>>> print(open('structure-v4.pdb').read())   # PDB, C-alpha atoms (C1' of nucleotides)
ATOM      1  CA  MET D   1       4.665  -2.244  -1.558
ATOM      2  CA  PRO D   2       2.970  -0.732   1.293
ATOM      3  CA  GLU D   3      -0.123  -1.648   3.128
ATOM      4  CA  LEU D   4      -0.799  -0.534   6.663
ATOM      5  CA  PRO D   5       1.886  -2.666   8.376
ATOM      6  CA  GLU D   6       4.582  -1.481   6.002
ATOM      7  CA  VAL D   7       3.568   2.164   6.425
ATOM      8  CA  GLU D   8       3.561   1.740  10.200
ATOM      9  CA  THR D   9       7.009   0.145   9.995
ATOM     10  CA  VAL D  10       8.205   3.137   7.993
ATOM     11  CA  ARG D  11       6.670   5.503  10.535
ATOM     12  CA  ARG D  12       8.473   3.801  13.385
ATOM     13  CA  GLY D  13      11.719   3.900  11.452
ATOM     14  CA  LEU D  14      11.465   7.578  10.565
ATOM     15  CA  ALA D  15      10.070   8.944  13.809
ATOM     16  CA  PRO D  16      13.347   8.960  15.818
ATOM     17  CA  VAL D  17      15.006  11.030  13.105
ATOM     18  CA  PHE D  18      12.137  13.134  11.857
ATOM     19  CA  ALA D  19      10.034  13.972  14.911
ATOM     20  CA  GLY D  20      11.493  16.859  16.862
ATOM     21  CA  ALA D  21      13.912  17.806  14.096
ATOM     22  CA  THR D  22      13.860  20.999  12.093
ATOM     23  CA  ILE D  23      13.957  20.696   8.323
ATOM     24  CA  VAL D  24      16.950  22.714   7.196
ATOM     25  CA  ARG D  25      16.784  21.936   3.503
ATOM     26  CA  VAL D  26      14.506  20.200   0.999
ATOM     27  CA  ASP D  27      15.690  19.035  -2.391
ATOM     28  CA  GLN D  28      12.700  18.393  -4.596
ATOM     29  CA  ARG D  29      14.226  16.758  -7.625
ATOM     30  CA  ARG D  30      11.256  16.669 -10.007
ATOM     31  CA  PRO D  31       8.030  18.639 -10.385
ATOM     32  CA  ASP D  32       5.680  15.799  -9.586
ATOM     33  CA  LEU D  33       5.179  12.295  -8.347
ATOM     34  CA  ARG D  34       1.709  10.968  -8.880
ATOM     35  CA  PHE D  35       0.489  14.552  -8.429
ATOM     36  CA  PRO D  36       2.414  17.796  -8.772
ATOM     37  CA  PHE D  37       4.147  18.862  -5.562
ATOM     38  CA  PRO D  38       2.374  21.737  -3.759
ATOM     39  CA  GLU D  39       3.289  25.321  -4.667
ATOM     40  CA  ASN D  40       6.529  26.372  -2.970
ATOM     41  CA  PHE D  41       6.831  22.921  -1.440
ATOM     42  CA  ALA D  42      10.449  23.220  -0.331
ATOM     43  CA  ALA D  43      10.044  26.766   0.984
ATOM     44  CA  ARG D  44       7.001  25.871   3.058
ATOM     45  CA  LEU D  45       8.938  23.082   4.770
ATOM     46  CA  THR D  46      12.296  24.742   5.235
ATOM     47  CA  GLY D  47      12.904  25.998   8.759
ATOM     48  CA  LYS D  48       9.853  24.184  10.115
ATOM     49  CA  ARG D  49      10.034  21.809  13.027
ATOM     50  CA  VAL D  50       8.387  18.402  12.773
ATOM     51  CA  GLU D  51       6.298  18.031  15.903
ATOM     52  CA  SER D  52       5.156  14.456  15.354
ATOM     53  CA  LEU D  53       5.032  11.737  12.763
ATOM     54  CA  GLU D  54       1.701   9.951  12.677
ATOM     55  CA  ARG D  55      -0.062   7.442  10.479
ATOM     56  CA  ARG D  56      -3.635   7.395   9.257
ATOM     57  CA  ALA D  57      -4.517   4.378   7.095
ATOM     58  CA  LYS D  58      -1.643   4.191   4.585
ATOM     59  CA  TYR D  59      -0.738   7.869   4.931
ATOM     60  CA  LEU D  60       2.140   9.337   6.900
ATOM     61  CA  LEU D  61       1.438  12.695   8.532
ATOM     62  CA  ALA D  62       4.230  14.994   9.680
ATOM     63  CA  ARG D  63       2.768  17.786  11.787
ATOM     64  CA  LEU D  64       4.786  20.986  11.427
ATOM     65  CA  ASP D  65       5.106  23.914  13.797
ATOM     66  CA  SER D  66       3.831  26.123  10.960
ATOM     67  CA  GLY D  67       0.424  24.522  11.423
ATOM     68  CA  GLU D  68       0.666  22.701   8.127
ATOM     69  CA  VAL D  69       0.768  18.917   7.852
ATOM     70  CA  LEU D  70       3.047  17.170   5.376
ATOM     71  CA  VAL D  71       1.024  14.250   4.015
ATOM     72  CA  MET D  72       2.987  11.447   2.379
ATOM     73  CA  HIS D  73       1.773   8.345   0.573
ATOM     74  CA  LEU D  74       4.091   5.646  -0.708
ATOM     75  CA  GLY D  75       1.917   4.421  -3.559
ATOM     76  CA  MET D  76       3.123   1.038  -4.762
ATOM     77  CA  SER D  77       6.878   1.464  -4.782
ATOM     78  CA  GLY D  78       7.760   4.335  -2.450
ATOM     79  CA  SER D  79      10.344   3.943   0.298
ATOM     80  CA  PHE D  80      12.401   6.104   2.636
ATOM     81  CA  ARG D  81      15.976   5.641   3.697
ATOM     82  CA  ILE D  82      17.840   7.421   6.450
ATOM     83  CA  GLU D  83      21.442   8.476   5.993
ATOM     84  CA  GLN D  84      23.794  10.001   8.559
ATOM     85  CA  ASP D  85      27.375  11.027   9.130
ATOM     86  CA  ALA D  86      29.440   8.565  11.154
ATOM     87  CA  GLU D  87      30.529  11.366  13.533
ATOM     88  CA  THR D  88      27.018  12.392  14.517
ATOM     89  CA  ILE D  89      24.942   9.259  14.745
ATOM     90  CA  ILE D  90      21.489   9.907  16.150
ATOM     91  CA  PRO D  91      20.881   7.684  19.182
ATOM     92  CA  GLY D  92      18.843   4.628  18.377
ATOM     93  CA  VAL D  93      18.988   5.166  14.632
ATOM     94  CA  PHE D  94      20.623   2.542  12.457
ATOM     95  CA  PHE D  95      23.764   3.929  10.809
ATOM     96  CA  ARG D  96      23.744   4.094   7.053
ATOM     97  CA  PRO D  97      26.347   6.326   5.394
ATOM     98  CA  ARG D  98      25.524   8.960   2.837
ATOM     99  CA  SER D  99      25.420   7.710  -0.713
ATOM    100  CA  ALA D 100      25.036   9.144  -4.179
ATOM    101  CA  LEU D 101      21.461   9.861  -5.206
ATOM    102  CA  GLY D 102      19.890   7.506  -7.723
ATOM    103  CA  PRO D 103      17.477   8.293 -10.532
ATOM    104  CA  HIS D 104      14.435   7.467  -8.401
ATOM    105  CA  ASP D 105      15.478   9.500  -5.369
ATOM    106  CA  HIS D 106      12.895  12.263  -5.683
ATOM    107  CA  VAL D 107      12.949  14.174  -2.384
ATOM    108  CA  VAL D 108      15.738  14.734   0.135
ATOM    109  CA  PHE D 109      15.031  16.203   3.576
ATOM    110  CA  SER D 110      18.098  17.469   5.437
ATOM    111  CA  LEU D 111      17.485  17.803   9.161
ATOM    112  CA  SER D 112      18.904  19.841  12.015
ATOM    113  CA  ASN D 113      20.029  16.685  13.838
ATOM    114  CA  GLY D 114      22.325  15.742  10.974
ATOM    115  CA  GLY D 115      20.029  13.087   9.594
ATOM    116  CA  THR D 116      18.956  12.942   5.975
ATOM    117  CA  ILE D 117      15.769  11.307   4.756
ATOM    118  CA  VAL D 118      15.598  10.292   1.101
ATOM    119  CA  TYR D 119      12.343   9.406  -0.616
ATOM    120  CA  ASN D 120      12.717   6.905  -3.465
ATOM    121  CA  ASP D 121       9.854   5.825  -5.715
ATOM    122  CA  PRO D 122      10.516   4.123  -9.072
ATOM    123  CA  ARG D 123       6.904   3.991 -10.193
ATOM    124  CA  ARG D 124       6.007   7.394  -8.773
ATOM    125  CA  PHE D 125       2.562   6.325  -7.609
ATOM    126  CA  GLY D 126       3.324   7.936  -4.283
ATOM    127  CA  PHE D 127       2.754  11.611  -3.516
ATOM    128  CA  MET D 128       3.366  14.387  -1.022
ATOM    129  CA  LEU D 129       1.084  17.268  -0.257
ATOM    130  CA  LEU D 130       0.493  19.906   2.394
ATOM    131  CA  SER D 131      -2.709  20.163   4.380
ATOM    132  CA  GLY D 132      -4.005  22.479   7.057
ATOM    133  CA  SER D 133      -3.905  21.150  10.604
ATOM    134  CA  ASP D 134      -7.408  19.681  10.246
ATOM    135  CA  VAL D 135      -6.198  16.838   8.045
ATOM    136  CA  GLU D 136      -9.309  14.799   8.721
ATOM    137  CA  ASN D 137     -11.286  17.320   6.696
ATOM    138  CA  HIS D 138      -8.954  17.169   3.717
ATOM    139  CA  PRO D 139     -10.674  15.600   0.678
ATOM    140  CA  LEU D 140      -8.301  12.623   0.798
ATOM    141  CA  PHE D 141      -9.214  11.888   4.399
ATOM    142  CA  ARG D 142     -12.825  12.958   4.705
ATOM    143  CA  ASN D 143     -14.184   9.676   3.384
ATOM    144  CA  LEU D 144     -11.674   7.326   4.948
ATOM    145  CA  GLY D 145     -13.128   4.447   6.900
ATOM    146  CA  VAL D 146     -12.249   3.090  10.324
ATOM    147  CA  GLU D 147      -8.681   2.457  11.401
ATOM    148  CA  PRO D 148      -8.474  -1.345  11.522
ATOM    149  CA  LEU D 149      -6.244  -1.498  14.598
ATOM    150  CA  GLY D 150      -8.390   0.959  16.511
ATOM    151  CA  ALA D 151     -11.171   0.203  18.972
ATOM    152  CA  ASP D 152     -13.716   1.221  16.344
ATOM    153  CA  LEU D 153     -13.275  -2.007  14.429
ATOM    154  CA  ASP D 154     -15.077  -4.989  15.892
ATOM    155  CA  GLY D 155     -17.634  -7.506  14.733
ATOM    156  CA  ARG D 156     -20.499  -5.112  15.236
ATOM    157  CA  ALA D 157     -18.800  -2.373  13.241
ATOM    158  CA  LEU D 158     -17.978  -4.764  10.394
ATOM    159  CA  ALA D 159     -21.520  -6.062  10.347
ATOM    160  CA  ARG D 160     -22.860  -2.515  10.127
ATOM    161  CA  LEU D 161     -20.432  -1.565   7.372
ATOM    162  CA  PHE D 162     -21.377  -4.582   5.290
ATOM    163  CA  ALA D 163     -25.129  -4.315   5.788
ATOM    164  CA  GLY D 164     -26.935  -4.475   2.467
ATOM    165  CA  LYS D 165     -23.715  -4.678   0.468
ATOM    166  CA  THR D 166     -23.953  -6.896  -2.576
ATOM    167  CA  THR D 167     -20.248  -6.395  -3.285
ATOM    168  CA  LEU D 168     -17.778  -9.220  -2.982
ATOM    169  CA  LEU D 169     -16.380  -9.524   0.532
ATOM    170  CA  LYS D 170     -12.860  -9.140  -0.872
ATOM    171  CA  ALA D 171     -13.783  -5.855  -2.557
ATOM    172  CA  ALA D 172     -15.532  -4.559   0.558
ATOM    173  CA  LEU D 173     -12.430  -5.150   2.660
ATOM    174  CA  LEU D 174     -10.308  -3.289   0.130
ATOM    175  CA  ASP D 175     -12.725  -0.340   0.111
ATOM    176  CA  GLN D 176     -10.838   2.397   1.967
ATOM    177  CA  THR D 177     -14.069   4.247   2.734
ATOM    178  CA  LEU D 178     -15.156   1.305   4.900
ATOM    179  CA  ILE D 179     -11.889   0.157   6.490
ATOM    180  CA  ALA D 180      -8.806   2.241   5.816
ATOM    181  CA  GLY D 181      -5.432   0.596   5.440
ATOM    182  CA  LEU D 182      -5.998  -2.932   4.205
ATOM    183  CA  GLY D 183      -4.512  -3.891   0.845
ATOM    184  CA  ASN D 184      -4.536  -6.962  -1.326
ATOM    185  CA  ILE D 185      -2.101  -9.062   0.674
ATOM    186  CA  TYR D 186      -3.550  -8.649   4.136
ATOM    187  CA  VAL D 187      -7.113  -9.010   2.896
ATOM    188  CA  CYS D 188      -6.201 -12.386   1.383
ATOM    189  CA  GLU D 189      -4.458 -13.427   4.581
ATOM    190  CA  ALA D 190      -7.257 -12.251   6.878
ATOM    191  CA  LEU D 191      -9.925 -14.051   4.852
ATOM    192  CA  PHE D 192      -7.916 -17.243   5.067
ATOM    193  CA  ARG D 193      -7.554 -16.925   8.816
ATOM    194  CA  ALA D 194     -11.300 -16.356   9.149
ATOM    195  CA  ASN D 195     -12.170 -19.294   6.854
ATOM    196  CA  LEU D 196     -14.215 -16.890   4.759
ATOM    197  CA  SER D 197     -14.391 -17.042   0.984
ATOM    198  CA  PRO D 198     -13.342 -13.892  -0.891
ATOM    199  CA  ARG D 199     -16.246 -14.700  -3.243
ATOM    200  CA  ARG D 200     -18.834 -14.349  -0.519
ATOM    201  CA  VAL D 201     -21.221 -11.393  -0.714
ATOM    202  CA  ALA D 202     -20.253  -8.812   1.917
ATOM    203  CA  GLY D 203     -23.833  -8.401   3.127
ATOM    204  CA  THR D 204     -23.873 -12.000   4.371
ATOM    205  CA  LEU D 205     -21.813 -10.821   7.342
ATOM    206  CA  ALA D 206     -24.314  -8.117   8.274
ATOM    207  CA  LEU D 207     -26.196  -7.812  11.539
ATOM    208  CA  ARG D 208     -28.889 -10.425  12.163
ATOM    209  CA  ASP D 209     -31.626  -9.498  14.616
ATOM    210  CA  GLY D 210     -29.471  -6.553  15.638
ATOM    211  CA  ARG D 211     -26.502  -8.762  16.521
ATOM    212  CA  PRO D 212     -23.269  -9.258  14.627
ATOM    213  CA  SER D 213     -22.648 -12.761  13.347
ATOM    214  CA  ALA D 214     -19.846 -14.801  14.865
ATOM    215  CA  LYS D 215     -18.197 -14.656  11.446
ATOM    216  CA  ALA D 216     -18.045 -10.864  11.536
ATOM    217  CA  GLY D 217     -16.498 -10.977  14.989
ATOM    218  CA  LEU D 218     -13.920 -13.508  13.892
ATOM    219  CA  LEU D 219     -13.064 -11.495  10.786
ATOM    220  CA  ALA D 220     -12.539  -8.333  12.838
ATOM    221  CA  ASP D 221     -10.291 -10.274  15.213
ATOM    222  CA  VAL D 222      -8.109 -11.830  12.521
ATOM    223  CA  ILE D 223      -7.734  -8.515  10.682
ATOM    224  CA  LYS D 224      -6.229  -7.012  13.825
ATOM    225  CA  GLN D 225      -4.184 -10.136  14.417
ATOM    226  CA  VAL D 226      -2.603 -10.334  10.965
ATOM    227  CA  LEU D 227      -1.817  -6.610  10.867
ATOM    228  CA  SER D 228      -0.299  -6.685  14.346
ATOM    229  CA  GLU D 229       1.840  -9.700  13.569
ATOM    230  CA  ALA D 230       3.057  -8.092  10.358
ATOM    231  CA  ILE D 231       4.011  -4.867  12.141
ATOM    232  CA  GLU D 232       5.826  -6.940  14.742
ATOM    233  CA  ALA D 233       7.786  -8.619  11.948
ATOM    234  CA  GLY D 234       8.772  -5.294  10.381
ATOM    235  CA  GLY D 235       6.274  -5.574   7.553
ATOM    236  CA  SER D 236       6.563  -7.636   4.412
ATOM    237  CA  SER D 237       9.311  -7.293   1.835
ATOM    238  CA  LEU D 238       8.098  -8.139  -1.614
ATOM    239  CA  ARG D 239      10.337  -7.374  -4.547
ATOM    240  CA  ASP D 240      12.874  -4.925  -3.203
ATOM    241  CA  HIS D 241      10.959  -3.118  -0.516
ATOM    242  CA  ARG D 242      13.065  -2.290   2.502
ATOM    243  CA  GLN D 243      12.631  -0.647   5.841
ATOM    244  CA  THR D 244      14.086   2.791   6.503
ATOM    245  CA  ASP D 245      17.265   1.188   7.857
ATOM    246  CA  GLY D 246      17.695  -0.852   4.691
ATOM    247  CA  ASN D 247      16.718  -4.094   6.369
ATOM    248  CA  LEU D 248      14.080  -6.416   5.013
ATOM    249  CA  GLY D 249      10.840  -7.089   6.824
ATOM    250  CA  TYR D 250      10.109 -10.755   7.025
ATOM    251  CA  PHE D 251       6.369 -11.201   7.396
ATOM    252  CA  GLN D 252       6.216 -12.446   3.774
ATOM    253  CA  HIS D 253       7.496 -15.760   5.117
ATOM    254  CA  SER D 254       4.300 -15.984   7.142
ATOM    255  CA  PHE D 255       1.952 -15.640   4.185
ATOM    256  CA  LYS D 256      -0.374 -18.611   4.133
ATOM    257  CA  VAL D 257      -2.107 -17.915   0.824
ATOM    258  CA  TYR D 258      -0.713 -14.777  -0.819
ATOM    259  CA  GLY D 259       1.492 -15.696  -3.773
ATOM    260  CA  ARG D 260       1.099 -19.395  -3.056
ATOM    261  CA  ALA D 261      -1.069 -20.579  -5.920
ATOM    262  CA  GLY D 262      -0.668 -24.321  -6.424
ATOM    263  CA  ASP D 263       0.719 -24.929  -2.949
ATOM    264  CA  PRO D 264      -1.094 -27.268  -0.600
ATOM    265  CA  CYS D 265      -3.279 -25.541   1.984
ATOM    266  CA  VAL D 266      -1.347 -25.185   5.248
ATOM    267  CA  ASN D 267      -4.248 -26.542   7.260
ATOM    268  CA  ALA D 268      -3.118 -30.112   7.774
ATOM    269  CA  THR D 269      -6.565 -31.645   7.695
ATOM    270  CA  CYS D 270      -7.671 -29.767   4.574
ATOM    271  CA  GLY D 271      -5.858 -31.377   1.656
ATOM    272  CA  GLY D 272      -6.887 -28.535  -0.654
ATOM    273  CA  THR D 273      -4.751 -26.395  -2.947
ATOM    274  CA  ILE D 274      -4.351 -22.624  -2.897
ATOM    275  CA  GLU D 275      -5.986 -21.055  -5.919
ATOM    276  CA  ARG D 276      -5.419 -17.755  -7.655
ATOM    277  CA  ILE D 277      -8.415 -16.001  -9.131
ATOM    278  CA  VAL D 278      -8.897 -12.445 -10.371
ATOM    279  CA  GLN D 279     -11.493 -10.257  -8.680
ATOM    280  CA  ASN D 280     -12.010  -6.643  -9.697
ATOM    281  CA  GLY D 281      -8.790  -6.880 -11.666
ATOM    282  CA  ARG D 282      -6.721  -7.941  -8.656
ATOM    283  CA  SER D 283      -5.270 -11.321  -7.779
ATOM    284  CA  THR D 284      -6.971 -13.183  -4.973
ATOM    285  CA  PHE D 285      -5.361 -16.199  -3.315
ATOM    286  CA  TYR D 286      -7.468 -18.546  -1.232
ATOM    287  CA  CYS D 287      -8.279 -22.112  -0.305
ATOM    288  CA  GLY D 288     -11.618 -23.106  -1.774
ATOM    289  CA  ARG D 289     -11.994 -25.876   0.799
ATOM    290  CA  CYS D 290     -11.294 -24.019   4.030
ATOM    291  CA  GLN D 291     -12.803 -20.710   3.023
ATOM    292  CA  ARG D 292     -16.570 -20.619   2.695
TER     293      ARG D 292
ATOM    294  C1'  DC V   1     -25.322   5.750  -5.782
ATOM    295  C1'  DC V   2     -22.669   1.669  -7.181
ATOM    296  C1'  DG V   3     -19.547  -1.367  -9.581
ATOM    297  C1'  DA V   4     -16.358  -2.308 -13.345
ATOM    298  C1'  DC V   5     -12.643  -0.768 -15.644
ATOM    299  C1'  DC V   6      -8.648   2.238 -16.974
ATOM    300  C1'  DG V   7      -4.482   4.710 -16.323
ATOM    301  C1'  DC V   8      -0.582   6.268 -13.985
ATOM    302  C1'  DC V   9       4.988   4.390 -14.197
ATOM    303  C1'  DT V  10       8.945   1.262 -13.816
ATOM    304  C1'  DG V  11      11.029  -3.064 -12.889
ATOM    305  C1'  DC V  12      11.090  -7.801 -12.355
ATOM    306  C1'  DC V  13       9.927 -12.432 -13.511
ATOM    307  C1'  DT V  14       8.470 -15.917 -16.729
ATOM    308  C1'  DG V  15       8.406 -18.388 -20.748
ATOM    309  C1'  DC V  16       9.514 -18.843 -25.425
TER     310       DC V  16
ATOM    311  C1'  DT I   1      21.209 -14.986 -23.771
ATOM    312  C1'  DG I   2      17.452 -11.950 -25.419
ATOM    313  C1'  DC I   3      13.151 -10.221 -25.599
ATOM    314  C1'  DA I   4       8.124  -9.755 -25.357
ATOM    315  C1'  DG I   5       4.526 -10.041 -22.330
ATOM    316  C1'  DG I   6       2.479 -10.322 -17.968
ATOM    317  C1'  DC I   7       2.276  -8.870 -13.504
ATOM    318  C1'  DA I   8       2.846  -5.938  -9.159
ATOM    319  C1'  DG I   9       1.532  -3.854  -2.715
ATOM    320  C1'  DG I  10      -2.641   1.866  -4.530
ATOM    321  C1'  DC I  11      -5.925   4.918  -5.786
ATOM    322  C1'  DG I  12      -8.464   8.491  -8.406
ATOM    323  C1'  DG I  13     -11.238   9.165 -12.369
ATOM    324  C1'  DT I  14     -14.634   7.905 -15.842
ATOM    325  C1'  DC I  15     -18.297   5.449 -17.640
ATOM    326  C1'  DG I  16     -22.518   2.754 -17.743
TER     327       DG I  16
END
>>> encode(input="structure-v4.pdb", output="structure tokens")
Amino acid sequence: MPELPEVETVRRGLAPVFAGATIVRVDQRRPDLRFPFPENFAARLTGKRVESLERRAKYLLARLDSGEVLVMHLGMSGSFRIEQDAETIIPGVFFRPRSALGPHDHVVFSLSNGGTIVYNDPRRFGFMLLSGSDVENHPLFRNLGVEPLGADLDGRALARLFAGKTTLLKAALLDQTLIAGLGNIYVCEALFRANLSPRRVAGTLALRDGRPSAKAGLLADVIKQVLSEAIEAGGSSLRDHRQTDGNLGYFQHSFKVYGRAGDPCVNATCGGTIERIVQNGRSTFYCGRCQR
DNA sequence: CCGACCGCCTGCCTGC
DNA sequence: TGCAGGCAGGCGGTCG
């Protein structure tokens, strides 16, 4: 499932319930997800107040009044759902009644405001861990690249990041140590919007005579654009991914290349066909005519 | 240091 | 209809 727009959608869905609430109970229903849960996971969360719910790249960060930070990653198939009692609906939070737990419901947070947050993850590629308050120095975060929606990403920054790189452009965009938060879908979509081939060498977008190329500037712009539009649409729902209120995001209907192998290119004047190739073991979708 | 590849899990879709 | 095989949004680790 989740790339940056989906994680941001989840953050926005959870924040009204989670932020400001005190965790009154944690049911950890198995010893591990992708990694083992931290020692005394439930005990270290119980009784703590969630001060804020933030996002860094594809990570959710719940800052606790204990000074610890609950770090959550959804992997490929993780999702949260919010359940409440009909008598005590939290203002602004979609009502979904309590339901029986399923086999892939791995963590249940019960909150002081009456809300319950259930983490479900069939493939268990997600994980939860606890960090000190200086999350940015945690090993998982220390090498993370720039936040794509932040002011730090522009043509100049991209050009610097790609300087001297002989990697494929597609691979460079997926490299979380360069830009943090892009995944396979939005990289395909951004490259299409920028008319850039995923097979291009990343270094060809580097600085020339100390100035970023127009291509680098355009790529930075369309990355922000596609991510923003996807967040606006509530993310993408592939397979069965849902938002925290159970609703589907609908940005998948706006995909122009992802999953569209064999379809005609949407650029009316092009006449080309979307192709699927495999790069670094991942599917890439692109138009070989528009994208150079 | 870098890139290529593997493995972690389950579920869904396709094609025979 | 049934089943085997392929494929999936991520990411850390290993190997050359």
>>> residues_around(input="structure-v4.pdb", residues="range 2-14 of chain V", least_positions_apart="2", cutoff="8 Å", atoms="only C-alpha atoms (C1' of nucleotides)", output="number ranges by chain")
D: 34, 122-125, 239, 280
>>> atom_distance(input="structure-v4.pdb", atom1="CA of Arg193 in chain D", atom2="CA of Val222 in chain D")
6.3 Å
>>> resolve_selection(input="structure-v4.pdb", expression="the PyMOL selection byres ((chain D) within 12 of (chain V))", output="PyMOL selection string")
chain D and resi 33-35+75-78+103-104+121-126+165-168+171-172+175+238-240+279-282
>>> resolve_selection(input="structure-v4.pdb", expression="the PyMOL selection byres ((chain D and resi 287) around 12)", output="number ranges by chain")
D: 188-189, 191-199, 256-258, 260-267, 270-277, 284-286, 288-292
>>> interface_residues(input="structure-v4.pdb", of="chain I", to="chain D", cutoff="10 Å", atoms="all atoms listed in the file", output="JSON, numbers by chain")
{"I": [7, 8, 9, 10, 11]}
>>> axis_aligned_box(input="structure-v4.pdb", around="chain V", padding_each_side="6 Å", output="AutoDock Vina command-line options")
--center_x -7.1 --center_y -6.3 --center_z -15.6 --size_x 48.4 --size_y 37.1 --size_z 31.6
>>> resolve_selection(input="structure-v4.pdb", expression="the PyMOL selection byres ((chain D and resi 205) around 7)", output="list of chain:residue names")
D:Ala159, D:Phe162, D:Ala202, D:Gly203, D:Thr204, D:Ala206, D:Leu207, D:Ser213, D:Lys215, D:Ala216
>>> closest_residue(input="structure-v4.pdb", among="D:Ile117, D:Ala15, D:Ile23, D:Leu45", to="Leu60 in chain D", atoms="only C-alpha atoms")
D:Ala15
>>> atom_distance(input="structure-v4.pdb", atom1="CA of Leu227 in chain D", atom2="CA of Tyr59 in chain D")
15.7 Å
>>> atom_distance(input="structure-v4.pdb", atom1="CA of Leu111 in chain D", atom2="CA of Arg25 in chain D")
7.0 Å
>>> residues_around(input="structure-v4.pdb", residues="Thr116 in chain D", least_positions_apart="6", cutoff="8 Å", atoms="only C-alpha atoms (C1' of nucleotides)", output="MDAnalysis selection string")
chainID D and resid 82:84 108:110
>>> residues_near_point(input="structure-v4.pdb", point="(25.6, 17.7, 12.5)", cutoff="6 Å", atoms="all atoms listed in the file", output="count of residues only")
3
>>> closest_residue(input="structure-v4.pdb", among="D:Gly47, D:Pro36, D:Gly249, D:Pro16", to="Val93 in chain D", atoms="all atoms listed in the file")
D:Pro16
